[in-house]
$ cat input_10.cif   # mmCIF, C-alpha atoms
data_structure
loop_
_atom_site.group_PDB
_atom_site.id
_atom_site.type_symbol
_atom_site.label_atom_id
_atom_site.label_comp_id
_atom_site.auth_asym_id
_atom_site.auth_seq_id
_atom_site.Cartn_x
_atom_site.Cartn_y
_atom_site.Cartn_z
ATOM 1 C CA SER A 166 16.716 -35.819 1.027
ATOM 2 C CA TRP A 167 14.171 -36.157 -1.748
ATOM 3 C CA ASN A 168 11.449 -36.527 0.879
ATOM 4 C CA ASP A 169 12.043 -32.917 2.008
ATOM 5 C CA ILE A 170 11.764 -31.379 -1.467
ATOM 6 C CA VAL A 171 8.438 -29.849 -2.473
ATOM 7 C CA PHE A 172 7.592 -30.175 -6.171
ATOM 8 C CA ILE A 173 5.302 -27.479 -7.579
ATOM 9 C CA ASN A 174 3.167 -27.842 -10.677
ATOM 10 C CA PHE A 175 0.956 -25.033 -11.882
ATOM 11 C CA GLN A 176 -0.447 -23.481 -15.037
ATOM 12 C CA LEU A 177 -0.045 -20.002 -16.432
ATOM 13 C CA GLN A 178 -2.946 -18.716 -18.452
ATOM 14 C CA GLU A 179 -3.838 -15.524 -20.262
ATOM 15 C CA ASP A 180 -7.317 -14.473 -21.294
ATOM 16 C CA ILE A 181 -7.427 -13.851 -25.064
ATOM 17 C CA GLY A 182 -11.131 -13.041 -25.120
ATOM 18 C CA LYS A 183 -14.387 -14.800 -25.940
ATOM 19 C CA GLY A 184 -13.850 -17.295 -23.140
ATOM 20 C CA LYS A 185 -10.552 -18.593 -24.547
ATOM 21 C CA PHE A 186 -7.211 -18.799 -22.753
ATOM 22 C CA LEU A 187 -3.604 -19.393 -23.680
ATOM 23 C CA LYS A 188 -2.221 -21.934 -21.222
ATOM 24 C CA LEU A 189 1.294 -23.063 -20.313
ATOM 25 C CA ALA A 190 2.064 -25.947 -17.940
ATOM 26 C CA CYS A 191 4.840 -25.130 -15.455
ATOM 27 C CA ASN A 192 6.819 -27.066 -12.903
ATOM 28 C CA THR A 193 9.530 -26.279 -10.387
ATOM 29 C CA ARG A 194 10.986 -27.283 -7.045
ATOM 30 C CA GLU A 195 10.621 -25.133 -3.959
ATOM 31 C CA ASP A 196 14.355 -25.359 -3.252
ATOM 32 C CA ARG A 197 15.406 -24.057 -6.672
ATOM 33 C CA CYS A 198 12.813 -21.375 -7.415
ATOM 34 C CA ARG A 199 13.042 -17.783 -6.192
ATOM 35 C CA PHE A 200 9.702 -16.250 -5.165
ATOM 36 C CA THR A 201 9.500 -12.460 -4.740
ATOM 37 C CA GLY A 202 6.680 -10.071 -3.894
ATOM 38 C CA PHE A 203 4.264 -12.589 -2.387
ATOM 39 C CA GLU A 204 2.549 -12.401 0.991
ATOM 40 C CA GLY A 205 2.928 -16.046 1.897
ATOM 41 C CA SER A 206 2.655 -18.491 -0.990
ATOM 42 C CA PRO A 207 1.483 -17.768 -4.553
ATOM 43 C CA LYS A 208 -2.283 -18.123 -4.925
ATOM 44 C CA ASP A 209 -4.670 -18.915 -7.753
ATOM 45 C CA GLY A 210 -5.351 -15.754 -9.714
ATOM 46 C CA ASP A 211 -2.059 -14.002 -8.925
ATOM 47 C CA LYS A 212 -0.623 -12.067 -11.825
ATOM 48 C CA VAL A 213 2.971 -13.235 -12.157
ATOM 49 C CA THR A 214 6.081 -12.968 -14.274
ATOM 50 C CA VAL A 215 8.274 -16.045 -14.451
ATOM 51 C CA LYS A 216 11.762 -16.838 -15.660
ATOM 52 C CA ALA A 217 12.027 -20.360 -16.955
ATOM 53 C CA SER A 218 13.575 -22.699 -19.458
ATOM 54 C CA LEU A 219 11.123 -24.042 -22.019
ATOM 55 C CA GLN A 220 10.932 -27.742 -22.724
ATOM 56 C CA TYR A 221 9.073 -29.334 -25.600
ATOM 57 C CA ASN A 222 7.965 -32.938 -25.276
ATOM 58 C CA ARG A 223 7.837 -34.302 -28.828
ATOM 59 C CA ASN A 224 6.132 -37.524 -27.788
ATOM 60 C CA ILE A 225 2.993 -35.804 -26.526
ATOM 61 C CA SER A 226 3.440 -32.404 -28.262
ATOM 62 C CA ILE A 227 3.385 -30.357 -25.074
ATOM 63 C CA LEU A 228 5.395 -27.225 -24.297
ATOM 64 C CA GLN A 229 6.298 -26.893 -20.621
ATOM 65 C CA ALA A 230 8.219 -24.354 -18.535
ATOM 66 C CA ASP A 231 10.812 -25.293 -15.921
ATOM 67 C CA VAL A 232 10.538 -22.232 -13.635
ATOM 68 C CA PHE A 233 13.454 -20.856 -11.601
ATOM 69 C CA GLU A 234 12.040 -17.443 -10.658
ATOM 70 C CA MET A 235 8.507 -16.160 -10.044
ATOM 71 C CA ARG A 236 7.627 -12.544 -9.287
ATOM 72 C CA ASN A 237 4.243 -11.213 -8.225
ATOM 73 C CA THR A 238 3.758 -8.640 -10.975
ATOM 74 C CA GLY A 239 2.342 -5.235 -10.063
ATOM 75 C CA LYS A 240 1.372 -5.944 -6.463
ATOM 76 C CA GLY A 241 4.687 -7.659 -5.868
ATOM 77 C CA ASP A 242 6.723 -4.703 -7.122
ATOM 78 C CA LEU A 243 4.736 -2.285 -4.973
ATOM 79 C CA LEU A 244 5.100 -4.511 -1.924
ATOM 80 C CA LEU A 245 8.861 -4.789 -2.385
ATOM 81 C CA LYS A 246 9.204 -1.023 -2.762
ATOM 82 C CA PHE A 247 7.060 -0.431 0.340
ATOM 83 C CA GLN A 248 9.101 -2.876 2.416
ATOM 84 C CA GLU A 249 12.377 -1.311 1.269
ATOM 85 C CA ILE A 250 11.238 2.210 2.225
ATOM 86 C CA LYS A 251 9.755 1.046 5.538
ATOM 87 C CA GLU A 252 12.933 -0.789 6.562
ATOM 88 C CA ARG A 253 15.147 2.152 5.608
ATOM 89 C CA LEU A 254 13.042 4.698 7.505
ATOM 90 C CA ALA A 255 12.832 2.373 10.514
ATOM 91 C CA LYS A 256 16.633 2.218 10.633
ATOM 92 C CA GLU A 257 16.681 6.022 10.665
ATOM 93 C CA GLY A 258 14.377 5.948 13.701
ATOM 94 C CA LEU A 259 11.334 7.596 12.131
ATOM 95 C CA PHE A 260 8.977 5.042 13.734
ATOM 96 C CA ASP A 261 10.567 5.008 17.193
ATOM 97 C CA GLU A 262 8.076 5.178 20.064
ATOM 98 C CA ASP A 263 9.792 8.160 21.681
ATOM 99 C CA ARG A 264 9.111 10.248 18.574
ATOM 100 C CA LYS A 265 5.352 9.806 18.862
ATOM 101 C CA LYS A 266 3.338 12.672 20.335
ATOM 102 C CA GLU A 267 0.573 12.053 22.854
ATOM 103 C CA LEU A 268 -2.901 12.909 21.637
ATOM 104 C CA PRO A 269 -4.791 15.513 23.653
ATOM 105 C CA VAL A 270 -7.565 13.939 25.705
ATOM 106 C CA LEU A 271 -10.169 16.412 24.418
ATOM 107 C CA PRO A 272 -8.991 18.125 21.232
ATOM 108 C CA ARG A 273 -11.123 21.207 20.685
ATOM 109 C CA ARG A 274 -10.182 21.855 17.079
ATOM 110 C CA ILE A 275 -9.337 19.145 14.525
ATOM 111 C CA GLY A 276 -7.492 19.714 11.276
ATOM 112 C CA LEU A 277 -8.904 17.293 8.702
ATOM 113 C CA ILE A 278 -6.952 16.523 5.522
ATOM 114 C CA THR A 279 -9.245 14.538 3.266
ATOM 115 C CA GLY A 280 -10.984 14.376 -0.096
ATOM 116 C CA SER A 281 -13.389 16.945 -1.480
ATOM 117 C CA ASP A 282 -17.010 17.322 -0.396
ATOM 118 C CA GLY A 283 -19.015 14.131 -0.946
ATOM 119 C CA THR A 284 -16.111 11.672 -0.834
ATOM 120 C CA GLU A 285 -16.546 8.581 1.315
ATOM 121 C CA GLY A 286 -13.736 9.169 3.797
ATOM 122 C CA ARG A 287 -14.753 12.765 4.461
ATOM 123 C CA ARG A 288 -18.425 11.899 4.859
ATOM 124 C CA ASP A 289 -17.748 8.956 7.185
ATOM 125 C CA PHE A 290 -15.444 10.971 9.442
ATOM 126 C CA LEU A 291 -17.810 13.928 9.758
ATOM 127 C CA ASP A 292 -20.809 11.646 10.366
ATOM 128 C CA GLU A 293 -18.928 9.809 13.112
ATOM 129 C CA ILE A 294 -17.877 13.047 14.783
ATOM 130 C CA GLU A 295 -21.449 14.351 14.571
ATOM 131 C CA CYS A 296 -22.762 11.202 16.275
ATOM 132 C CA ARG A 297 -20.268 11.504 19.125
ATOM 133 C CA SER A 298 -20.286 15.185 19.962
ATOM 134 C CA HIS A 299 -21.033 18.706 18.733
ATOM 135 C CA TYR A 300 -18.066 19.914 20.748
ATOM 136 C CA TYR A 301 -15.485 19.618 17.996
ATOM 137 C CA ASP A 302 -14.535 22.370 15.582
ATOM 138 C CA ILE A 303 -13.386 20.864 12.279
ATOM 139 C CA HIS A 304 -11.076 22.715 9.887
ATOM 140 C CA ILE A 305 -10.909 20.937 6.529
ATOM 141 C CA TYR A 306 -8.074 20.987 4.007
ATOM 142 C CA ASN A 307 -9.069 19.391 0.677
ATOM 143 C CA ALA A 308 -6.491 17.082 -0.899
ATOM 144 C CA ARG A 309 -6.352 14.311 -3.437
ATOM 145 C CA MET A 310 -6.526 10.953 -1.667
ATOM 146 C CA GLN A 311 -5.362 8.846 -4.597
ATOM 147 C CA GLY A 312 -2.905 9.069 -7.482
ATOM 148 C CA GLU A 313 0.391 10.852 -7.994
ATOM 149 C CA ASN A 314 -0.927 14.212 -6.748
ATOM 150 C CA CYS A 315 -1.964 12.723 -3.406
ATOM 151 C CA PRO A 316 1.365 12.914 -1.478
ATOM 152 C CA PRO A 317 2.250 16.537 -2.388
ATOM 153 C CA GLN A 318 -1.282 17.731 -1.610
ATOM 154 C CA ILE A 319 -1.326 16.021 1.793
ATOM 155 C CA ILE A 320 2.108 17.507 2.497
ATOM 156 C CA ALA A 321 0.710 20.932 1.537
ATOM 157 C CA GLY A 322 -2.096 20.373 4.032
ATOM 158 C CA LEU A 323 0.365 19.571 6.804
ATOM 159 C CA ASP A 324 2.400 22.641 5.857
ATOM 160 C CA TYR A 325 -0.747 24.789 6.064
ATOM 161 C CA PHE A 326 -1.703 23.630 9.582
ATOM 162 C CA GLU A 327 1.882 24.124 10.737
ATOM 163 C CA LYS A 328 1.891 27.619 9.250
ATOM 164 C CA VAL A 329 -1.242 28.731 11.144
ATOM 165 C CA LYS A 330 -0.410 27.031 14.468
ATOM 166 C CA ASP A 331 0.302 30.405 16.119
ATOM 167 C CA ASP A 332 -2.999 31.906 14.926
ATOM 168 C CA PRO A 333 -5.564 31.447 17.755
ATOM 169 C CA ASP A 334 -8.435 31.393 15.239
ATOM 170 C CA LYS A 335 -6.917 28.739 12.947
ATOM 171 C CA ARG A 336 -4.556 26.554 14.986
ATOM 172 C CA VAL A 337 -5.590 22.938 15.502
ATOM 173 C CA ASP A 338 -4.924 20.485 18.333
ATOM 174 C CA VAL A 339 -4.634 17.393 16.150
ATOM 175 C CA ILE A 340 -4.454 16.588 12.446
ATOM 176 C CA VAL A 341 -6.352 13.697 10.877
ATOM 177 C CA ILE A 342 -5.533 12.350 7.396
ATOM 178 C CA THR A 343 -8.299 10.072 6.148
ATOM 179 C CA ARG A 344 -9.897 8.560 3.070
ATOM 180 C CA GLY A 345 -12.452 5.858 2.311
ATOM 181 C CA GLY A 346 -11.822 2.203 1.563
ATOM 182 C CA GLY A 347 -9.900 0.731 -1.334
ATOM 183 C CA ASP A 348 -7.289 -1.760 -2.437
ATOM 184 C CA LYS A 349 -4.120 -1.479 -0.347
ATOM 185 C CA TYR A 350 -1.860 -2.153 -3.323
ATOM 186 C CA THR A 351 -3.345 0.373 -5.731
ATOM 187 C CA ASP A 352 -5.631 2.909 -4.035
ATOM 188 C CA PHE A 353 -3.437 3.282 -0.931
ATOM 189 C CA VAL A 354 -0.021 3.168 -2.601
ATOM 190 C CA CYS A 355 0.280 6.981 -2.475
ATOM 191 C CA PHE A 356 0.346 6.798 1.340
ATOM 192 C CA ASN A 357 3.566 4.784 1.131
ATOM 193 C CA ASP A 358 5.354 7.798 -0.330
ATOM 194 C CA GLU A 359 8.708 8.465 1.346
ATOM 195 C CA ALA A 360 8.410 12.250 1.257
ATOM 196 C CA LEU A 361 4.990 12.040 2.902
ATOM 197 C CA ALA A 362 6.287 9.700 5.616
ATOM 198 C CA ARG A 363 9.127 12.105 6.379
ATOM 199 C CA ARG A 364 6.771 15.095 6.524
ATOM 200 C CA VAL A 365 4.396 13.320 8.892
ATOM 201 C CA SER A 366 7.322 12.345 11.097
ATOM 202 C CA ALA A 367 8.546 15.936 11.202
ATOM 203 C CA CYS A 368 5.122 17.416 11.965
ATOM 204 C CA THR A 369 5.053 19.295 15.284
ATOM 205 C CA ILE A 370 1.262 18.913 15.742
#
$ encode --input "input_10.cif" --output "structure tokens"
Amino acid sequence: SWNDIVFINFQLQEDIGKGKFLKLACNTREDRCRFTGFEGSPKDGDKVTVKASLQYNRNISILQADVFEMRNTGKGDLLLKFQEIKERLAKEGLFDEDRKKELPVLPRRIGLITGSDGTEGRRDFLDEIECRSHYYDIHIYNARMQGENCPPQIIAGLDYFEKVKDDPDKRVDVIVITRGGGDKYTDFVCFNDEALARRVSACTI
């Protein structure tokens, strides 16, 4: 029935500088528009790409868009890719509970894969450990924590700790991968890398 249909009116705008915006009035119906890449409903300020038919009202000289598809641009694409990888790996059993290894109650030596000296994540982790106990021995492997070089460098760190696990002077009881804060769609996207997920899953430590 018409009473169950939600009508949506919104406005697209693009900043063209000096406080001026290009604006386009849009309308659609919830039952005939495809939304992709959103966590919940679209929100003010979302960057979107729409597919629509344009309609020009000669009587009032207004151009409007009748929207039939809206995609959350950038963040939406990353979210869709993340969900696709996560679902596929879950079906393969990579996240099954019986694959998870129990943490040692008192790890003596910790392998830390993190950013270079002075980075937020490294500093926070070491400060927290220092506050809790002087008992721990920390072995640090420097890696990029952002960008395209992040996944292969973290994988190299895991490979290193696996390689030295039979050396009594270098082997570690646990491995920690950490970085500081950031935006989950941009700064953390490298941690959604499939090769990295598979390497973590295969790690014997």
$ closest_residue --input "input_10.cif" --among "A:Ile173, A:Ile275, A:Leu254, A:Ala360" --to "Phe233 in chain A" --atoms "all atoms listed in the file"
A:Ile173
$ atom_distance --input "input_10.cif" --atom1 "CA of Pro333 in chain A" --atom2 "CA of Asp302 in chain A"
12.9 Å
$ resolve_selection --input "input_10.cif" --expression "the PyMOL selection byres ((chain A and resi 232) around 9)" --output "list in words"
Cys191, Asn192, Thr193, Arg194, Arg197, Cys198, Val215, Lys216, Ala217, Ser218, Leu219, Ala230, Asp231, Phe233, Glu234 and Met235 of chain A
$ resolve_selection --input "input_10.cif" --expression "the PyMOL selection byres ((chain A and resi 257-270) around 12)" --output "MDAnalysis selection string"
chainID A and resid 250:256 271:275 337:341 359 362:370
$ residues_around --input "input_10.cif" --residues "Leu244 in chain A" --least-positions-apart "6" --cutoff "12 Å" --atoms "all atoms listed in the file" --output "ChimeraX atom specification"
/A:201-204,236-238,250-251,349-351,353-354,357
$ resolve_selection --input "input_10.cif" --expression "the PyMOL selection byres ((chain A and resi 313) around 12)" --output "MDAnalysis selection string"
chainID A and resid 308:312 314:319 351:358 361
$ atom_distance --input "input_10.cif" --atom1 "CA of Leu291 in chain A" --atom2 "CA of Asn307 in chain A"
13.7 Å
$ closest_residue --input "input_10.cif" --among "A:Gln248, A:Leu189, A:Thr214, A:Asp196" --to "Ile227 in chain A" --atoms "all atoms listed in the file"
A:Leu189
$ atom_distance --input "input_10.cif" --atom1 "CA of Gly276 in chain A" --atom2 "CA of Lys330 in chain A"
10.7 Å
$ build_atoms --input "input_10.cif" --residues "range 314-338 of chain A" --atoms "N, CA and C atoms" --output "PDB file, keeping the file's coordinate frame"
ATOM      1  N   ASN A 314      -0.812  12.908  -7.401  1.00  0.00           N
ATOM      2  CA  ASN A 314      -0.927  14.212  -6.748  1.00  0.00           C
ATOM      3  C   ASN A 314      -1.271  14.112  -5.270  1.00  0.00           C
ATOM      4  N   CYS A 315      -1.564  12.909  -4.802  1.00  0.00           N
ATOM      5  CA  CYS A 315      -1.964  12.723  -3.406  1.00  0.00           C
ATOM      6  C   CYS A 315      -0.872  13.130  -2.416  1.00  0.00           C
ATOM      7  N   PRO A 316       0.352  12.561  -2.482  1.00  0.00           N
ATOM      8  CA  PRO A 316       1.365  12.914  -1.478  1.00  0.00           C
ATOM      9  C   PRO A 316       1.676  14.407  -1.390  1.00  0.00           C
ATOM     10  N   PRO A 317       1.931  15.106  -2.523  1.00  0.00           N
ATOM     11  CA  PRO A 317       2.250  16.537  -2.388  1.00  0.00           C
ATOM     12  C   PRO A 317       1.095  17.369  -1.839  1.00  0.00           C
ATOM     13  N   GLN A 318      -0.150  16.961  -2.124  1.00  0.00           N
ATOM     14  CA  GLN A 318      -1.282  17.731  -1.610  1.00  0.00           C
ATOM     15  C   GLN A 318      -1.492  17.503  -0.121  1.00  0.00           C
ATOM     16  N   ILE A 319      -1.250  16.270   0.352  1.00  0.00           N
ATOM     17  CA  ILE A 319      -1.326  16.021   1.793  1.00  0.00           C
ATOM     18  C   ILE A 319      -0.204  16.772   2.508  1.00  0.00           C
ATOM     19  N   ILE A 320       0.983  16.767   1.924  1.00  0.00           N
ATOM     20  CA  ILE A 320       2.108  17.507   2.497  1.00  0.00           C
ATOM     21  C   ILE A 320       1.773  18.997   2.581  1.00  0.00           C
ATOM     22  N   ALA A 321       1.114  19.520   1.533  1.00  0.00           N
ATOM     23  CA  ALA A 321       0.710  20.932   1.537  1.00  0.00           C
ATOM     24  C   ALA A 321      -0.284  21.206   2.662  1.00  0.00           C
ATOM     25  N   GLY A 322      -1.148  20.221   2.934  1.00  0.00           N
ATOM     26  CA  GLY A 322      -2.096  20.373   4.032  1.00  0.00           C
ATOM     27  C   GLY A 322      -1.398  20.423   5.379  1.00  0.00           C
ATOM     28  N   LEU A 323      -0.413  19.552   5.563  1.00  0.00           N
ATOM     29  CA  LEU A 323       0.365  19.571   6.804  1.00  0.00           C
ATOM     30  C   LEU A 323       1.121  20.891   6.947  1.00  0.00           C
ATOM     31  N   ASP A 324       1.678  21.361   5.836  1.00  0.00           N
ATOM     32  CA  ASP A 324       2.400  22.641   5.857  1.00  0.00           C
ATOM     33  C   ASP A 324       1.456  23.783   6.264  1.00  0.00           C
ATOM     34  N   TYR A 325       0.225  23.724   5.744  1.00  0.00           N
ATOM     35  CA  TYR A 325      -0.747  24.789   6.064  1.00  0.00           C
ATOM     36  C   TYR A 325      -1.048  24.817   7.564  1.00  0.00           C
ATOM     37  N   PHE A 326      -1.356  23.656   8.159  1.00  0.00           N
ATOM     38  CA  PHE A 326      -1.703  23.630   9.582  1.00  0.00           C
ATOM     39  C   PHE A 326      -0.512  24.006  10.458  1.00  0.00           C
ATOM     40  N   GLU A 327       0.687  23.682  10.005  1.00  0.00           N
ATOM     41  CA  GLU A 327       1.882  24.124  10.737  1.00  0.00           C
ATOM     42  C   GLU A 327       2.023  25.652  10.648  1.00  0.00           C
ATOM     43  N   LYS A 328       1.725  26.185   9.489  1.00  0.00           N
ATOM     44  CA  LYS A 328       1.891  27.619   9.250  1.00  0.00           C
ATOM     45  C   LYS A 328       0.971  28.455  10.138  1.00  0.00           C
ATOM     46  N   VAL A 329      -0.255  27.941  10.391  1.00  0.00           N
ATOM     47  CA  VAL A 329      -1.242  28.731  11.144  1.00  0.00           C
ATOM     48  C   VAL A 329      -1.300  28.331  12.621  1.00  0.00           C
ATOM     49  N   LYS A 330      -0.321  27.548  13.100  1.00  0.00           N
ATOM     50  CA  LYS A 330      -0.410  27.031  14.468  1.00  0.00           C
ATOM     51  C   LYS A 330      -0.288  28.121  15.534  1.00  0.00           C
ATOM     52  N   ASP A 331       0.213  29.303  15.155  1.00  0.00           N
ATOM     53  CA  ASP A 331       0.302  30.405  16.119  1.00  0.00           C
ATOM     54  C   ASP A 331      -0.878  31.372  16.008  1.00  0.00           C
ATOM     55  N   ASP A 332      -1.802  31.090  15.096  1.00  0.00           N
ATOM     56  CA  ASP A 332      -2.999  31.906  14.926  1.00  0.00           C
ATOM     57  C   ASP A 332      -4.104  31.319  15.802  1.00  0.00           C
ATOM     58  N   PRO A 333      -4.565  32.016  16.834  1.00  0.00           N
ATOM     59  CA  PRO A 333      -5.564  31.447  17.755  1.00  0.00           C
ATOM     60  C   PRO A 333      -6.882  31.087  17.082  1.00  0.00           C
ATOM     61  N   ASP A 334      -7.182  31.687  15.932  1.00  0.00           N
ATOM     62  CA  ASP A 334      -8.435  31.393  15.239  1.00  0.00           C
ATOM     63  C   ASP A 334      -8.322  30.215  14.272  1.00  0.00           C
ATOM     64  N   LYS A 335      -7.098  29.782  13.961  1.00  0.00           N
ATOM     65  CA  LYS A 335      -6.917  28.739  12.947  1.00  0.00           C
ATOM     66  C   LYS A 335      -6.135  27.529  13.440  1.00  0.00           C
ATOM     67  N   ARG A 336      -5.402  27.654  14.536  1.00  0.00           N
ATOM     68  CA  ARG A 336      -4.556  26.554  14.986  1.00  0.00           C
ATOM     69  C   ARG A 336      -5.421  25.353  15.395  1.00  0.00           C
ATOM     70  N   VAL A 337      -4.865  24.166  15.181  1.00  0.00           N
ATOM     71  CA  VAL A 337      -5.590  22.938  15.502  1.00  0.00           C
ATOM     72  C   VAL A 337      -4.809  22.135  16.545  1.00  0.00           C
ATOM     73  N   ASP A 338      -5.547  21.302  17.284  1.00  0.00           N
ATOM     74  CA  ASP A 338      -4.924  20.485  18.333  1.00  0.00           C
ATOM     75  C   ASP A 338      -4.387  19.167  17.784  1.00  0.00           C
TER      76      ASP A 338
END
